[in-house]
Amino acid sequence: VSQSRYHFGTRWGQPHQGVDISGKTQDGNFIVEGTPIYYNGTDGVVTYAAAKDDGSGFGKNVRIKNSDGSNIICGHFSNVTVSKNQTITQGTQIGNIGNTGHSFGAHLHFEYRAPGSNAPIDPYQYVDQYVKF
(Lines give C-alpha, C1' and ligand atoms only; values in the text may rest on other atoms or scores of the structure.)
Protein backbone atom coordinates (compact mmCIF):
# COMPACT_ATOMS: atom_id res chain seq x y z
CA VAL A 1 0.00 0.00 0.00
CA SER A 2 1.47 3.33 -0.94
CA GLN A 3 -0.41 5.79 1.20
CA SER A 4 -3.16 6.36 3.73
CA ARG A 5 -5.49 9.33 3.53
CA TYR A 6 -6.45 9.28 7.21
CA HIS A 7 -4.39 7.67 9.91
CA PHE A 8 -5.44 5.87 13.08
CA GLY A 9 -6.38 8.15 15.99
CA THR A 10 -8.54 11.20 16.48
CA ARG A 11 -10.18 12.74 13.42
CA TRP A 12 -12.68 15.62 13.59
CA GLY A 13 -12.78 15.16 17.37
CA GLN A 14 -13.83 11.50 17.04
CA PRO A 15 -11.78 8.30 17.30
CA HIS A 16 -10.81 6.89 13.89
CA GLN A 17 -10.13 3.22 14.62
CA GLY A 18 -8.62 2.32 11.29
CA VAL A 19 -6.72 3.65 8.31
CA ASP A 20 -8.20 4.82 5.02
CA ILE A 21 -6.22 3.52 2.07
CA SER A 22 -6.05 5.40 -1.20
CA GLY A 23 -3.30 6.23 -3.69
CA LYS A 24 -1.41 3.54 -5.57
CA THR A 25 -0.94 -0.19 -5.14
CA GLN A 26 2.56 -1.70 -4.87
CA ASP A 27 2.54 -2.39 -8.60
CA GLY A 28 1.80 1.28 -9.37
CA ASN A 29 -1.90 1.05 -10.23
CA PHE A 30 -4.22 3.69 -8.79
CA ILE A 31 -6.77 2.56 -6.21
CA VAL A 32 -10.07 3.66 -7.75
CA GLU A 33 -13.72 2.74 -7.33
CA GLY A 34 -14.11 -0.87 -8.39
CA THR A 35 -10.53 -1.95 -7.60
CA PRO A 36 -10.78 -5.58 -6.38
CA ILE A 37 -9.73 -6.31 -2.79
CA TYR A 38 -8.37 -9.78 -2.01
CA TYR A 39 -7.87 -11.51 1.32
CA ASN A 40 -4.14 -11.97 1.90
CA GLY A 41 -4.21 -13.93 5.19
CA THR A 42 -3.61 -17.65 5.43
CA ASP A 43 -7.17 -18.67 6.36
CA GLY A 44 -10.16 -16.80 7.68
CA VAL A 45 -13.89 -16.89 8.30
CA VAL A 46 -16.22 -14.09 7.31
CA THR A 47 -18.07 -13.15 10.52
CA TYR A 48 -20.12 -10.34 8.95
CA ALA A 49 -20.87 -9.30 5.38
CA ALA A 50 -23.08 -6.28 4.68
CA ALA A 51 -23.96 -6.25 0.98
CA LYS A 52 -26.08 -3.13 1.67
CA ASP A 53 -25.23 -0.05 3.71
CA ASP A 54 -25.88 -1.20 7.29
CA GLY A 55 -25.88 2.26 8.93
CA SER A 56 -22.57 1.62 10.71
CA GLY A 57 -20.75 4.30 8.73
CA PHE A 58 -18.71 1.57 7.00
CA GLY A 59 -21.25 1.23 4.18
CA LYS A 60 -20.95 -2.14 2.53
CA ASN A 61 -18.42 -3.93 4.71
CA VAL A 62 -16.81 -7.22 5.66
CA ARG A 63 -15.47 -8.50 8.98
CA ILE A 64 -13.10 -11.45 9.05
CA LYS A 65 -11.69 -13.61 11.84
CA ASN A 66 -8.18 -14.64 10.82
CA SER A 67 -6.60 -18.02 11.60
CA ASP A 68 -4.39 -16.38 14.28
CA GLY A 69 -7.49 -15.15 16.17
CA SER A 70 -7.19 -11.53 15.08
CA ASN A 71 -10.08 -9.73 13.38
CA ILE A 72 -10.20 -7.21 10.55
CA ILE A 73 -12.90 -4.85 9.31
CA CYS A 74 -12.89 -3.62 5.72
CA GLY A 75 -15.38 -0.94 4.72
CA HIS A 76 -16.82 1.36 2.05
CA PHE A 77 -16.96 -1.36 -0.65
CA SER A 78 -18.91 -0.79 -3.86
CA ASN A 79 -19.87 -4.45 -3.59
CA VAL A 80 -19.16 -7.38 -1.27
CA THR A 81 -18.19 -10.71 -2.85
CA VAL A 82 -18.23 -12.99 0.23
CA SER A 83 -20.95 -14.20 2.60
CA LYS A 84 -21.23 -14.55 6.36
CA ASN A 85 -19.69 -17.81 7.69
CA GLN A 86 -17.75 -18.34 4.46
CA THR A 87 -14.28 -19.81 4.93
CA ILE A 88 -11.77 -17.89 2.84
CA THR A 89 -8.16 -18.46 1.86
CA GLN A 90 -5.41 -16.27 0.49
CA GLY A 91 -6.48 -14.84 -2.86
CA THR A 92 -10.24 -14.85 -2.21
CA GLN A 93 -11.81 -11.62 -3.48
CA ILE A 94 -13.77 -10.03 -0.62
CA GLY A 95 -15.12 -6.98 -2.44
CA ASN A 96 -14.35 -3.91 -4.51
CA ILE A 97 -13.21 -0.43 -3.47
CA GLY A 98 -16.15 1.92 -3.12
CA ASN A 99 -17.54 5.06 -1.59
CA THR A 100 -20.44 3.75 0.53
CA GLY A 101 -21.38 4.74 4.07
CA HIS A 102 -19.78 7.77 5.70
CA SER A 103 -17.16 8.29 3.00
CA PHE A 104 -15.72 11.16 0.99
CA GLY A 105 -14.27 9.33 -1.99
CA ALA A 106 -13.35 5.83 -3.07
CA HIS A 107 -10.99 4.14 -0.60
CA LEU A 108 -10.64 1.15 1.73
CA HIS A 109 -11.24 1.60 5.46
CA PHE A 110 -9.21 -1.06 7.30
CA GLU A 111 -9.30 -1.90 11.03
CA TYR A 112 -7.38 -4.51 13.00
CA ARG A 113 -8.16 -6.17 16.35
CA ALA A 114 -5.43 -8.29 17.99
CA PRO A 115 -6.13 -11.91 19.01
CA GLY A 116 -8.16 -12.08 22.23
CA SER A 117 -9.05 -8.39 22.15
CA ASN A 118 -11.72 -6.27 20.56
CA ALA A 119 -9.71 -3.12 21.19
CA PRO A 120 -8.60 -1.42 17.98
CA ILE A 121 -4.89 -0.91 17.47
CA ASP A 122 -3.10 1.01 14.72
CA PRO A 123 -3.67 -1.31 11.76
CA TYR A 124 -1.27 0.19 9.24
CA GLN A 125 1.42 -2.47 9.75
CA TYR A 126 -1.18 -5.23 9.13
CA VAL A 127 -2.71 -3.99 5.88
CA ASP A 128 -0.43 -5.95 3.53
CA GLN A 129 -0.65 -9.04 5.76
CA TYR A 130 -4.43 -9.30 5.37
CA VAL A 131 -5.53 -7.48 2.20
CA LYS A 132 -4.16 -7.10 -1.30
CA PHE A 133 -5.24 -4.78 -4.10
# chains A, B, ... in the order shown; residues from 1 in each chain; ligands from 1
>>> residues_around(residues="range 102-107 of chain A", least_positions_apart="2", cutoff="9 Å", atoms="only C-alpha atoms", output="list in words")
Arg5, Asp20, Ile21, Ser22, Gly23, Ile31, Val32, Glu33, Gly34, Gly55, Ser56, Gly57, Phe58, Gly59, Gly75, His76, Phe77, Ser78, Ile97, Gly98, Asn99, Thr100 and His109 of chain A
>>> write_last_selection(atoms="N, CA and C atoms", output="PDB file, in the first residue's frame")
ATOM      1  N   ARG A   5      -4.920   7.989   3.489  1.00  0.00           N
ATOM      2  CA  ARG A   5      -5.487   9.325   3.530  1.00  0.00           C
ATOM      3  C   ARG A   5      -5.694   9.776   4.973  1.00  0.00           C
ATOM      4  N   ASP A  20      -7.511   4.720   6.307  1.00  0.00           N
ATOM      5  CA  ASP A  20      -8.196   4.822   5.024  1.00  0.00           C
ATOM      6  C   ASP A  20      -7.146   4.784   3.927  1.00  0.00           C
ATOM      7  N   ILE A  21      -7.245   3.784   3.071  1.00  0.00           N
ATOM      8  CA  ILE A  21      -6.224   3.524   2.066  1.00  0.00           C
ATOM      9  C   ILE A  21      -6.673   4.055   0.715  1.00  0.00           C
ATOM     10  N   SER A  22      -5.841   4.893   0.151  1.00  0.00           N
ATOM     11  CA  SER A  22      -6.054   5.400  -1.204  1.00  0.00           C
ATOM     12  C   SER A  22      -4.674   5.540  -1.834  1.00  0.00           C
ATOM     13  N   GLY A  23      -4.610   6.030  -3.049  1.00  0.00           N
ATOM     14  CA  GLY A  23      -3.305   6.226  -3.689  1.00  0.00           C
ATOM     15  C   GLY A  23      -3.022   5.155  -4.709  1.00  0.00           C
ATOM     16  N   ILE A  31      -5.622   3.145  -6.896  1.00  0.00           N
ATOM     17  CA  ILE A  31      -6.770   2.564  -6.209  1.00  0.00           C
ATOM     18  C   ILE A  31      -7.963   3.444  -6.535  1.00  0.00           C
ATOM     19  N   VAL A  32      -8.888   2.911  -7.317  1.00  0.00           N
ATOM     20  CA  VAL A  32     -10.065   3.662  -7.754  1.00  0.00           C
ATOM     21  C   VAL A  32     -11.309   2.844  -7.437  1.00  0.00           C
ATOM     22  N   GLU A  33     -12.471   3.475  -7.545  1.00  0.00           N
ATOM     23  CA  GLU A  33     -13.715   2.741  -7.325  1.00  0.00           C
ATOM     24  C   GLU A  33     -13.745   1.530  -8.242  1.00  0.00           C
ATOM     25  N   GLY A  34     -14.054   0.386  -7.647  1.00  0.00           N
ATOM     26  CA  GLY A  34     -14.112  -0.868  -8.393  1.00  0.00           C
ATOM     27  C   GLY A  34     -12.863  -1.717  -8.296  1.00  0.00           C
ATOM     28  N   GLY A  55     -25.729   1.153   7.988  1.00  0.00           N
ATOM     29  CA  GLY A  55     -25.885   2.257   8.928  1.00  0.00           C
ATOM     30  C   GLY A  55     -24.735   2.411   9.901  1.00  0.00           C
ATOM     31  N   SER A  56     -23.705   1.584   9.782  1.00  0.00           N
ATOM     32  CA  SER A  56     -22.571   1.624  10.712  1.00  0.00           C
ATOM     33  C   SER A  56     -21.588   2.744  10.383  1.00  0.00           C
ATOM     34  N   GLY A  57     -21.738   3.343   9.220  1.00  0.00           N
ATOM     35  CA  GLY A  57     -20.752   4.299   8.732  1.00  0.00           C
ATOM     36  C   GLY A  57     -19.760   3.651   7.790  1.00  0.00           C
ATOM     37  N   PHE A  58     -19.629   2.305   7.873  1.00  0.00           N
ATOM     38  CA  PHE A  58     -18.715   1.570   7.002  1.00  0.00           C
ATOM     39  C   PHE A  58     -19.306   1.279   5.630  1.00  0.00           C
ATOM     40  N   GLY A  59     -20.599   1.570   5.437  1.00  0.00           N
ATOM     41  CA  GLY A  59     -21.248   1.232   4.176  1.00  0.00           C
ATOM     42  C   GLY A  59     -21.285  -0.269   4.002  1.00  0.00           C
ATOM     43  N   GLY A  75     -14.147  -1.645   5.017  1.00  0.00           N
ATOM     44  CA  GLY A  75     -15.381  -0.941   4.723  1.00  0.00           C
ATOM     45  C   GLY A  75     -15.341  -0.052   3.498  1.00  0.00           C
ATOM     46  N   HIS A  76     -16.540   0.434   3.147  1.00  0.00           N
ATOM     47  CA  HIS A  76     -16.823   1.362   2.046  1.00  0.00           C
ATOM     48  C   HIS A  76     -16.791   0.692   0.672  1.00  0.00           C
ATOM     49  N   PHE A  77     -16.971  -0.639   0.627  1.00  0.00           N
ATOM     50  CA  PHE A  77     -16.963  -1.357  -0.648  1.00  0.00           C
ATOM     51  C   PHE A  77     -18.085  -0.881  -1.576  1.00  0.00           C
ATOM     52  N   SER A  78     -17.836  -1.000  -2.885  1.00  0.00           N
ATOM     53  CA  SER A  78     -18.913  -0.790  -3.859  1.00  0.00           C
ATOM     54  C   SER A  78     -19.767  -2.047  -3.932  1.00  0.00           C
ATOM     55  N   ILE A  97     -13.304  -1.787  -4.034  1.00  0.00           N
ATOM     56  CA  ILE A  97     -13.209  -0.432  -3.473  1.00  0.00           C
ATOM     57  C   ILE A  97     -14.457   0.353  -3.843  1.00  0.00           C
ATOM     58  N   GLY A  98     -14.964   1.118  -2.861  1.00  0.00           N
ATOM     59  CA  GLY A  98     -16.152   1.924  -3.121  1.00  0.00           C
ATOM     60  C   GLY A  98     -16.152   3.204  -2.318  1.00  0.00           C
ATOM     61  N   ASN A  99     -17.337   3.773  -2.238  1.00  0.00           N
ATOM     62  CA  ASN A  99     -17.543   5.062  -1.586  1.00  0.00           C
ATOM     63  C   ASN A  99     -18.876   5.028  -0.847  1.00  0.00           C
ATOM     64  N   THR A 100     -19.157   3.913  -0.160  1.00  0.00           N
ATOM     65  CA  THR A 100     -20.439   3.753   0.530  1.00  0.00           C
ATOM     66  C   THR A 100     -20.294   4.090   2.008  1.00  0.00           C
ATOM     67  N   HIS A 109     -11.411   1.406   4.019  1.00  0.00           N
ATOM     68  CA  HIS A 109     -11.238   1.602   5.456  1.00  0.00           C
ATOM     69  C   HIS A 109     -10.847   0.242   6.013  1.00  0.00           C
TER      70      HIS A 109
END
>>> select_by_dssp(residues="chain A", states="strand (DSSP E or B)", output="ChimeraX atom specification")
/A:3-6,9-11,14-16,19-22,24,30,36-39,43-50,60-66,71-77,79-80,87-89,93-96,98,107-113,120-121,131-132
>>> closest_residue(among="A:Pro123, A:Pro36, A:Gly18, A:Gly28", to="Ser70 in chain A", atoms="only C-alpha atoms")
A:Pro123
>>> atom_distance(atom1="CA of Val45 in chain A", atom2="CA of Ile121 in chain A")
20.5 Å
>>> closest_residue(among="A:Thr35, A:Gln26, A:Thr47, A:Asn71", to="Phe110 in chain A", atoms="only C-alpha atoms")
A:Asn71
